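Pasting coords-v3.cif here (mmCIF, C-alpha atoms):
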data_structure
#
loop_
_atom_site.label_atom_id
_atom_site.label_comp_id
_atom_site.auth_asym_id
_atom_site.auth_seq_id
_atom_site.Cartn_x
_atom_site.Cartn_y
_atom_site.Cartn_z
CA MET K 30 63.28 154.10 159.06
CA ILE K 31 66.74 155.36 159.92
CA SER K 32 68.45 156.96 156.94
CA THR K 33 71.92 156.05 155.70
CA SER K 34 72.99 159.63 156.36
CA SER K 35 71.99 159.36 160.03
CA VAL K 36 73.84 156.05 160.45
CA ARG K 37 76.90 157.56 158.78
CA THR K 38 76.80 160.52 161.18
CA VAL K 39 76.63 158.21 164.21
CA VAL K 40 79.52 156.12 162.89
CA GLY K 41 81.53 159.30 162.25
CA ILE K 42 80.92 160.52 165.80
CA ILE K 43 82.10 157.19 167.19
CA GLY K 44 85.14 157.47 164.93
CA ASN K 45 85.83 160.95 166.29
CA VAL K 46 85.77 159.65 169.87
CA ILE K 47 88.12 156.74 169.11
CA SER K 48 90.47 158.89 167.06
CA PHE K 49 90.58 161.53 169.78
CA GLY K 50 91.70 158.86 172.23
CA LEU K 51 94.46 157.79 169.86
CA PHE K 52 95.62 161.37 169.45
CA LEU K 53 96.02 161.47 173.24
CA SER K 54 98.02 158.22 173.34
CA PRO K 55 101.46 159.92 173.35
CA LEU K 56 100.70 161.72 176.63
CA PRO K 57 103.02 159.43 178.65
CA THR K 58 105.89 160.48 176.37
CA PHE K 59 105.28 164.16 177.05
CA MET K 60 104.77 163.63 180.77
CA THR K 61 108.24 162.09 180.74
CA ILE K 62 109.68 165.03 178.76
CA VAL K 63 108.14 167.62 181.08
CA SER K 64 109.16 165.80 184.26
CA LYS K 65 112.76 165.42 183.06
CA LYS K 66 112.84 168.80 181.28
CA ALA K 67 114.59 167.11 178.35
CA VAL K 68 113.52 165.32 175.17
CA GLU K 69 116.29 162.73 175.60
CA GLN K 70 116.02 160.04 172.87
CA PHE K 71 112.53 161.02 171.69
CA SER K 72 112.07 162.26 168.13
CA PRO K 73 109.80 165.13 167.00
CA MET K 74 109.26 163.59 163.56
CA PRO K 75 106.11 161.55 164.37
CA TYR K 76 104.35 164.64 165.71
CA LEU K 77 105.46 166.84 162.82
CA ALA K 78 104.25 164.18 160.37
CA THR K 79 100.92 163.88 162.17
CA LEU K 80 100.54 167.66 162.14
CA LEU K 81 101.02 167.71 158.36
CA ASN K 82 98.56 164.84 157.99
CA CYS K 83 95.93 166.70 160.01
CA MET K 84 96.44 169.88 157.99
CA MET K 85 96.01 168.00 154.71
CA TRP K 86 92.78 166.37 155.90
CA ILE K 87 91.47 169.71 157.11
CA VAL K 88 92.03 171.02 153.57
CA TYR K 89 90.22 167.94 152.24
CA GLY K 90 87.25 168.52 154.54
CA LEU K 91 86.79 172.21 153.73
CA PRO K 92 83.36 172.98 152.20
CA ILE K 93 85.10 174.57 149.20
CA VAL K 94 87.00 171.32 148.56
CA HIS K 95 84.80 168.42 149.76
CA PRO K 96 81.40 169.54 151.08
CA ASN K 97 79.55 167.77 153.90
CA SER K 98 82.71 166.64 155.71
CA VAL K 99 82.11 168.21 159.11
CA LEU K 100 83.23 165.11 161.03
CA VAL K 101 86.48 165.00 159.05
CA LEU K 102 87.08 168.62 160.01
CA THR K 103 86.24 168.16 163.70
CA ILE K 104 88.61 165.28 164.42
CA ASN K 105 91.46 166.70 162.39
CA GLY K 106 90.95 170.15 163.90
CA ALA K 107 91.24 168.54 167.34
CA GLY K 108 94.25 166.54 166.17
CA LEU K 109 95.90 169.69 164.85
CA LEU K 110 95.56 171.42 168.23
CA ILE K 111 96.83 168.38 170.14
CA GLU K 112 99.84 167.90 167.85
CA ALA K 113 100.62 171.62 168.03
CA LEU K 114 100.67 171.30 171.83
CA TYR K 115 102.96 168.25 171.64
CA ILE K 116 105.36 170.06 169.30
CA SER K 117 105.34 173.17 171.54
CA ILE K 118 106.32 171.06 174.54
CA PHE K 119 108.97 169.27 172.49
CA PHE K 120 110.30 172.63 171.25
CA ALA K 121 110.47 174.05 174.78
CA PHE K 122 112.73 171.26 176.03
CA SER K 123 114.87 170.73 172.92
CA PRO K 124 118.46 171.90 172.38
CA ARG K 125 118.96 174.84 170.00
CA ARG K 126 119.95 172.77 166.98
CA LEU K 127 116.85 170.61 167.25
CA ARG K 128 114.67 173.69 167.71
CA LEU K 129 115.97 175.12 164.44
CA LYS K 130 115.24 171.81 162.71
CA ILE K 131 111.68 171.77 164.07
CA LEU K 132 111.10 175.36 162.95
CA GLY K 133 112.43 174.59 159.48
CA ILE K 134 110.14 171.59 159.07
CA LEU K 135 107.12 173.54 160.36
CA VAL K 136 107.75 176.34 157.85
CA ALA K 137 108.12 173.82 155.02
CA GLU K 138 104.85 172.11 156.02
CA LEU K 139 102.93 175.38 156.18
CA VAL K 140 104.29 176.48 152.80
CA PHE K 141 103.39 173.10 151.27
CA VAL K 142 99.82 173.06 152.62
CA GLY K 143 99.33 176.70 151.60
CA ALA K 144 100.60 175.92 148.09
CA VAL K 145 98.27 172.91 147.80
CA LEU K 146 95.27 174.96 148.90
CA ALA K 147 96.11 177.87 146.61
CA GLY K 148 96.80 175.56 143.68
CA VAL K 149 93.58 173.62 144.13
CA LEU K 150 91.41 176.72 144.49
CA GLY K 151 93.10 178.46 141.57
CA GLY K 152 93.44 175.52 139.20
CA ALA K 153 90.48 173.25 139.96
CA HIS K 154 87.04 174.78 139.59
CA THR K 155 84.76 171.92 140.67
CA HIS K 156 84.34 170.11 143.98
CA ASN K 157 84.99 166.75 142.31
CA LYS K 158 88.33 167.88 140.89
CA ARG K 159 89.43 169.51 144.15
CA THR K 160 88.42 166.39 146.09
CA GLU K 161 90.38 164.20 143.70
CA ILE K 162 93.60 166.23 143.88
CA VAL K 163 93.66 166.72 147.67
CA GLY K 164 92.34 163.19 148.29
CA ILE K 165 95.14 161.61 146.26
CA LEU K 166 97.74 163.63 148.19
CA CYS K 167 96.18 162.55 151.50
CA VAL K 168 96.20 158.90 150.45
CA ILE K 169 99.86 159.12 149.36
CA PHE K 170 100.93 160.67 152.68
CA GLY K 171 98.78 158.32 154.69
CA THR K 172 99.91 155.18 152.92
CA ALA K 173 103.56 156.17 153.28
CA MET K 174 103.10 156.75 157.01
CA TYR K 175 101.69 153.25 157.42
CA ALA K 176 105.21 151.91 156.94
CA SER K 177 106.06 152.93 160.53
CA PRO K 178 104.44 150.00 162.39
CA LEU K 179 106.04 147.51 160.00
CA SER K 180 109.36 147.91 161.81
CA ILE K 181 107.66 147.19 165.14
CA MET K 182 106.01 144.09 163.68
CA LYS K 183 109.40 142.90 162.44
CA THR K 184 110.84 143.47 165.92
CA VAL K 185 108.04 141.37 167.44
CA ILE K 186 108.76 138.53 165.00
CA ASP K 187 112.54 138.72 165.54
CA THR K 188 112.35 138.86 169.33
CA LYS K 189 109.20 136.74 169.74
CA SER K 190 108.14 139.39 172.24
CA VAL K 191 105.08 141.68 172.16
CA LYS K 192 106.45 144.07 174.78
CA TYR K 193 107.26 146.44 171.92
CA MET K 194 103.64 146.43 170.70
CA PRO K 195 100.93 147.31 173.26
CA PHE K 196 97.75 145.27 172.74
CA SER K 197 95.40 148.13 173.67
CA LEU K 198 96.77 150.46 170.98
CA SER K 199 96.65 147.75 168.29
CA PHE K 200 93.08 146.86 169.25
CA ILE K 201 91.84 150.46 169.37
CA SER K 202 93.60 151.21 166.07
CA PHE K 203 91.81 148.21 164.55
CA LEU K 204 88.42 149.44 165.80
CA ASN K 205 89.23 152.93 164.53
CA GLY K 206 90.13 151.66 161.06
CA ILE K 207 86.95 149.57 160.88
CA CYS K 208 84.86 152.52 162.05
CA TRP K 209 86.20 154.92 159.41
CA MET K 210 86.02 152.23 156.73
CA SER K 211 82.33 151.88 157.53
CA TYR K 212 81.94 155.65 157.43
CA SER K 213 83.53 155.80 153.98
CA LEU K 214 81.35 152.97 152.63
CA LEU K 215 78.03 154.39 153.86
CA ARG K 216 78.54 157.24 151.40
CA PHE K 217 81.39 156.03 149.28
CA ASP K 218 84.61 157.98 149.79
CA LEU K 219 87.60 156.23 148.24
CA TYR K 220 90.13 158.59 149.79
CA ILE K 221 89.03 157.79 153.35
CA LEU K 222 88.52 154.11 152.55
CA ILE K 223 92.02 153.30 151.22
CA PRO K 224 94.20 154.43 154.16
CA ASN K 225 91.76 153.25 156.81
CA GLY K 226 91.43 149.90 155.07
CA LEU K 227 95.21 149.58 155.19
CA GLY K 228 95.17 150.67 158.82
CA ALA K 229 92.59 148.04 159.75
CA LEU K 230 94.57 145.32 157.94
CA LEU K 231 97.85 146.27 159.63
CA SER K 232 96.18 146.51 163.03
CA ALA K 233 94.62 143.08 162.47
CA ALA K 234 98.08 141.74 161.60
CA GLN K 235 99.43 143.25 164.83
CA LEU K 236 96.67 141.54 166.82
CA ILE K 237 97.47 138.20 165.16
CA LEU K 238 101.15 138.65 166.06
CA TYR K 239 100.18 139.58 169.59
CA PHE K 240 98.21 136.37 170.14
CA LYS K 241 100.94 134.33 168.45
CA TYR K 242 103.84 135.67 170.52
CA TYR K 243 102.14 136.63 173.78
CA ARG K 244 103.10 133.35 175.49
CA THR K 245 106.75 133.62 174.41
CA THR K 246 107.15 137.17 175.75
CA PRO K 247 109.62 137.28 178.67
CA LYS K 248 107.96 138.38 181.91
CA ASP K 249 111.01 139.21 183.99
CA GLU K 250 112.91 141.80 181.92
CA PRO K 251 113.88 145.04 183.71
CA LYS K 252 111.59 147.93 182.83
CA GLN K 253 112.78 150.87 180.80
CA ASN K 254 111.04 153.47 178.69
CA ILE K 255 111.09 152.99 174.95
CA GLU K 256 109.38 154.91 172.19
CA VAL K 257 107.02 152.93 170.00
CA PRO K 258 105.72 154.40 166.76
CA GLU K 259 101.99 153.88 166.44
CA VAL K 260 99.82 154.68 163.46
CA VAL K 261 96.58 156.42 164.25
CA ALA K 262 94.06 155.69 161.57
CA THR K 263 91.57 158.53 161.76
CA SER K 264 89.36 160.33 159.37
CA ALA K 265 92.66 161.94 158.81
CA PRO K 266 93.72 158.39 158.30
CA ASP K 267 96.97 157.14 159.54
CA SER K 268 98.28 159.86 161.66
CA PHE K 269 100.98 158.19 163.70
CA SER K 270 102.38 158.93 167.08
CA CYS K 271 105.08 157.64 169.37
CA VAL K 272 103.94 156.10 172.59
CA THR K 273 106.08 155.45 175.62
CA VAL K 274 105.68 151.95 177.00
CA GLU K 275 107.66 150.06 179.56
CA ARG K 276 109.58 146.89 179.13
#
Starting from the coordinates I provided, produce the structure as structure tokens.
Amino acid sequence: MISTSSVRTVVGIIGNVISFGLFLSPLPTFMTIVSKKAVEQFSPMPYLATLLNCMMWIVYGLPIVHPNSVLVLTINGAGLLIEALYISIFFAFSPRRLRLKILGILVAELVFVGAVLAGVLGGAHTHNKRTEIVGILCVIFGTAMYASPLSIMKTVIDTKSVKYMPFSLSFISFLNGICWMSYSLLRFDLYILIPNGLGALLSAAQLILYFKYYRTTPKDEPKQNIEVPEVVATSAPDSFSCVTVER
């Protein structure tokens, strides 16, 4: 008989694959930046926020904080490297004032994560307590970041157009949320369950809106690049990115 632990591992691996694909979703944005050698209207904030989110979930998955969380570490380690690459590209093609802003935010994030890690290791002496403290912080950050697609959903309702909300990303985000929800339920982990449950619900709402407004979406508008914020619900739940789509 297959053990629950084995099933959970398989589900976590599938979640890693889906989440990795979502981390790569902003590639069109950065291909545009590199080709034009300018960041234009794009914002670095989604990538800086995702970087912080990945760092917090890496802290959560450390054996000294929450043992047996290898799959949480692997996907967020990969996400950290990918977001660092995105931010490096953004930094390279940004004006001086924006570069200083990016550096300031990066320093603040590193100081914050370092302070959390030091505080948890110094002040909490059991795995359960460390898991609780870091898990609550991850849920707070993740839940707050889930506000980003709400503006896109409002735009879809106002314009009766789904050109601002790509179906593929909503669908994959839904599968990702369901996958990590299942992972958290197979060996109950409230801190992974909450944000990914919210992510699955919001992605389901996006899919409902898509099917409702797909037929009323204009087909003959001129194309132009726009930046769409997209939440990536991973084991580091709810990292969000901006994706370039055409309309």
_Could you tell me, as a ChimeraX atom specification, exactly which residues end up selected when the PyMOL selection byres ((chain K and resi 42) around 12) is applied to this structure?_
/K:35-41,43-49,98-104,205,208-209,212,263-264
I need the residues from that last selection saved to file as a PDB file, in the frame of the given file (with C-alpha atoms), if you can.
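Below is the file part.pdb, written as the result:
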ATOM      1  CA  SER K  35      71.990 159.360 160.030  1.00  0.00           C
ATOM      2  CA  VAL K  36      73.840 156.050 160.450  1.00  0.00           C
ATOM      3  CA  ARG K  37      76.900 157.560 158.780  1.00  0.00           C
ATOM      4  CA  THR K  38      76.800 160.520 161.180  1.00  0.00           C
ATOM      5  CA  VAL K  39      76.630 158.210 164.210  1.00  0.00           C
ATOM      6  CA  VAL K  40      79.520 156.120 162.890  1.00  0.00           C
ATOM      7  CA  GLY K  41      81.530 159.300 162.250  1.00  0.00           C
ATOM      8  CA  ILE K  43      82.100 157.190 167.190  1.00  0.00           C
ATOM      9  CA  GLY K  44      85.140 157.470 164.930  1.00  0.00           C
ATOM     10  CA  ASN K  45      85.830 160.950 166.290  1.00  0.00           C
ATOM     11  CA  VAL K  46      85.770 159.650 169.870  1.00  0.00           C
ATOM     12  CA  ILE K  47      88.120 156.740 169.110  1.00  0.00           C
ATOM     13  CA  SER K  48      90.470 158.890 167.060  1.00  0.00           C
ATOM     14  CA  PHE K  49      90.580 161.530 169.780  1.00  0.00           C
ATOM     15  CA  SER K  98      82.710 166.640 155.710  1.00  0.00           C
ATOM     16  CA  VAL K  99      82.110 168.210 159.110  1.00  0.00           C
ATOM     17  CA  LEU K 100      83.230 165.110 161.030  1.00  0.00           C
ATOM     18  CA  VAL K 101      86.480 165.000 159.050  1.00  0.00           C
ATOM     19  CA  LEU K 102      87.080 168.620 160.010  1.00  0.00           C
ATOM     20  CA  THR K 103      86.240 168.160 163.700  1.00  0.00           C
ATOM     21  CA  ILE K 104      88.610 165.280 164.420  1.00  0.00           C
ATOM     22  CA  ASN K 205      89.230 152.930 164.530  1.00  0.00           C
ATOM     23  CA  CYS K 208      84.860 152.520 162.050  1.00  0.00           C
ATOM     24  CA  TRP K 209      86.200 154.920 159.410  1.00  0.00           C
ATOM     25  CA  TYR K 212      81.940 155.650 157.430  1.00  0.00           C
ATOM     26  CA  THR K 263      91.570 158.530 161.760  1.00  0.00           C
ATOM     27  CA  SER K 264      89.360 160.330 159.370  1.00  0.00           C
TER      28      SER K 264
END
Interface rows for stretch 193-239 of chain K against stretch 139-163 of chain K: nearest pair, Å to one decimal, 12 Å, only C-alpha atoms, as a tab-separated table:
residue	atom	partner	partner_atom	distance
K:Asp218	CA	K:Thr160	CA	9.9
K:Leu219	CA	K:Glu161	CA	9.6
K:Tyr220	CA	K:Glu161	CA	8.3
K:Ile221	CA	K:Thr160	CA	11.3
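Using all atoms listed in the file, the nearest neighbour of K:Lys66 within the list K:Val94, K:Phe119, K:Glu112, K:Asn82 is K:Phe119.
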*asked:* Can you spell out as a list in words the set of residues that the PyMOL selection byres ((chain K and resi 109) around 9) selects in the structure I just provided?
replied: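 With the shown file as input, the PyMOL selection byres ((chain K and resi 109) around 9) matches Thr79, Leu80, Leu81, Asn82, Cys83, Met84, Ile87, Ile104, Asn105, Gly106, Ala107, Gly108, Leu110, Ile111, Glu112, Ala113 and Leu114 of chain K.
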Extending 6 Å beyond the listed atoms of stretch 36-49 of chain K on each side, what axis-aligned box results? I want centre and edge lengths in Å to one decimal, as AutoDock Vina command-line options.
--center_x 82.2 --center_y 158.8 --center_z 164.3 --size_x 28.7 --size_y 17.5 --size_z 23.1
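Of the listed residues (K:Ile116, K:Ile31, K:Ile165, K:Val185), K:Ile116 comes nearest to K:Pro55; the distances count all atoms listed in the file.
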*Between atom CA of K:Met85 and atom CA of K:Leu166, distance in Å (one decimal)*: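 Answer for the atom CA of K:Met85 to atom CA of K:Leu166 separation: 8.0 Å.
Distances from K:Leu214, K:Ile118, K:Ile62, K:Leu91 to K:Tyr76 were compared using all atoms listed in the file, and the smallest one belongs to K:Ile118.
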Could you tell me, as a PDB file with C-alpha atoms, keeping the file's coordinate frame, exactly which residues end up selected when the PyMOL selection byres ((chain K and resi 227) around 9) is applied to this structure?
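Contents of the output file out-v3.pdb:
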ATOM      1  CA  THR K 172      99.910 155.180 152.920  1.00  0.00           C
ATOM      2  CA  TYR K 175     101.690 153.250 157.420  1.00  0.00           C
ATOM      3  CA  GLY K 206      90.130 151.660 161.060  1.00  0.00           C
ATOM      4  CA  LEU K 222      88.520 154.110 152.550  1.00  0.00           C
ATOM      5  CA  ILE K 223      92.020 153.300 151.220  1.00  0.00           C
ATOM      6  CA  PRO K 224      94.200 154.430 154.160  1.00  0.00           C
ATOM      7  CA  ASN K 225      91.760 153.250 156.810  1.00  0.00           C
ATOM      8  CA  GLY K 226      91.430 149.900 155.070  1.00  0.00           C
ATOM      9  CA  GLY K 228      95.170 150.670 158.820  1.00  0.00           C
ATOM     10  CA  ALA K 229      92.590 148.040 159.750  1.00  0.00           C
ATOM     11  CA  LEU K 230      94.570 145.320 157.940  1.00  0.00           C
ATOM     12  CA  LEU K 231      97.850 146.270 159.630  1.00  0.00           C
ATOM     13  CA  SER K 232      96.180 146.510 163.030  1.00  0.00           C
ATOM     14  CA  ALA K 262      94.060 155.690 161.570  1.00  0.00           C
ATOM     15  CA  ASP K 267      96.970 157.140 159.540  1.00  0.00           C
TER      16      ASP K 267
END
Exercise: K:Thr188 partners within 12 Å, only C-alpha atoms, chain neighbours under 5 positions left out, as a short mmCIF file (atom, residue, chain, number, x, y, z; two decimals) with C-alpha atoms, keeping the file's coordinate frame:
data_model
loop_
_atom_site.label_atom_id
_atom_site.label_comp_id
_atom_site.auth_asym_id
_atom_site.auth_seq_id
_atom_site.Cartn_x
_atom_site.Cartn_y
_atom_site.Cartn_z
CA ILE K 181 107.66 147.19 165.14
CA MET K 182 106.01 144.09 163.68
CA LYS K 183 109.40 142.90 162.44
CA TYR K 193 107.26 146.44 171.92
CA MET K 194 103.64 146.43 170.70
CA LEU K 238 101.15 138.65 166.06
CA TYR K 242 103.84 135.67 170.52
CA TYR K 243 102.14 136.63 173.78
CA THR K 245 106.75 133.62 174.41
CA THR K 246 107.15 137.17 175.75
CA PRO K 247 109.62 137.28 178.67
#
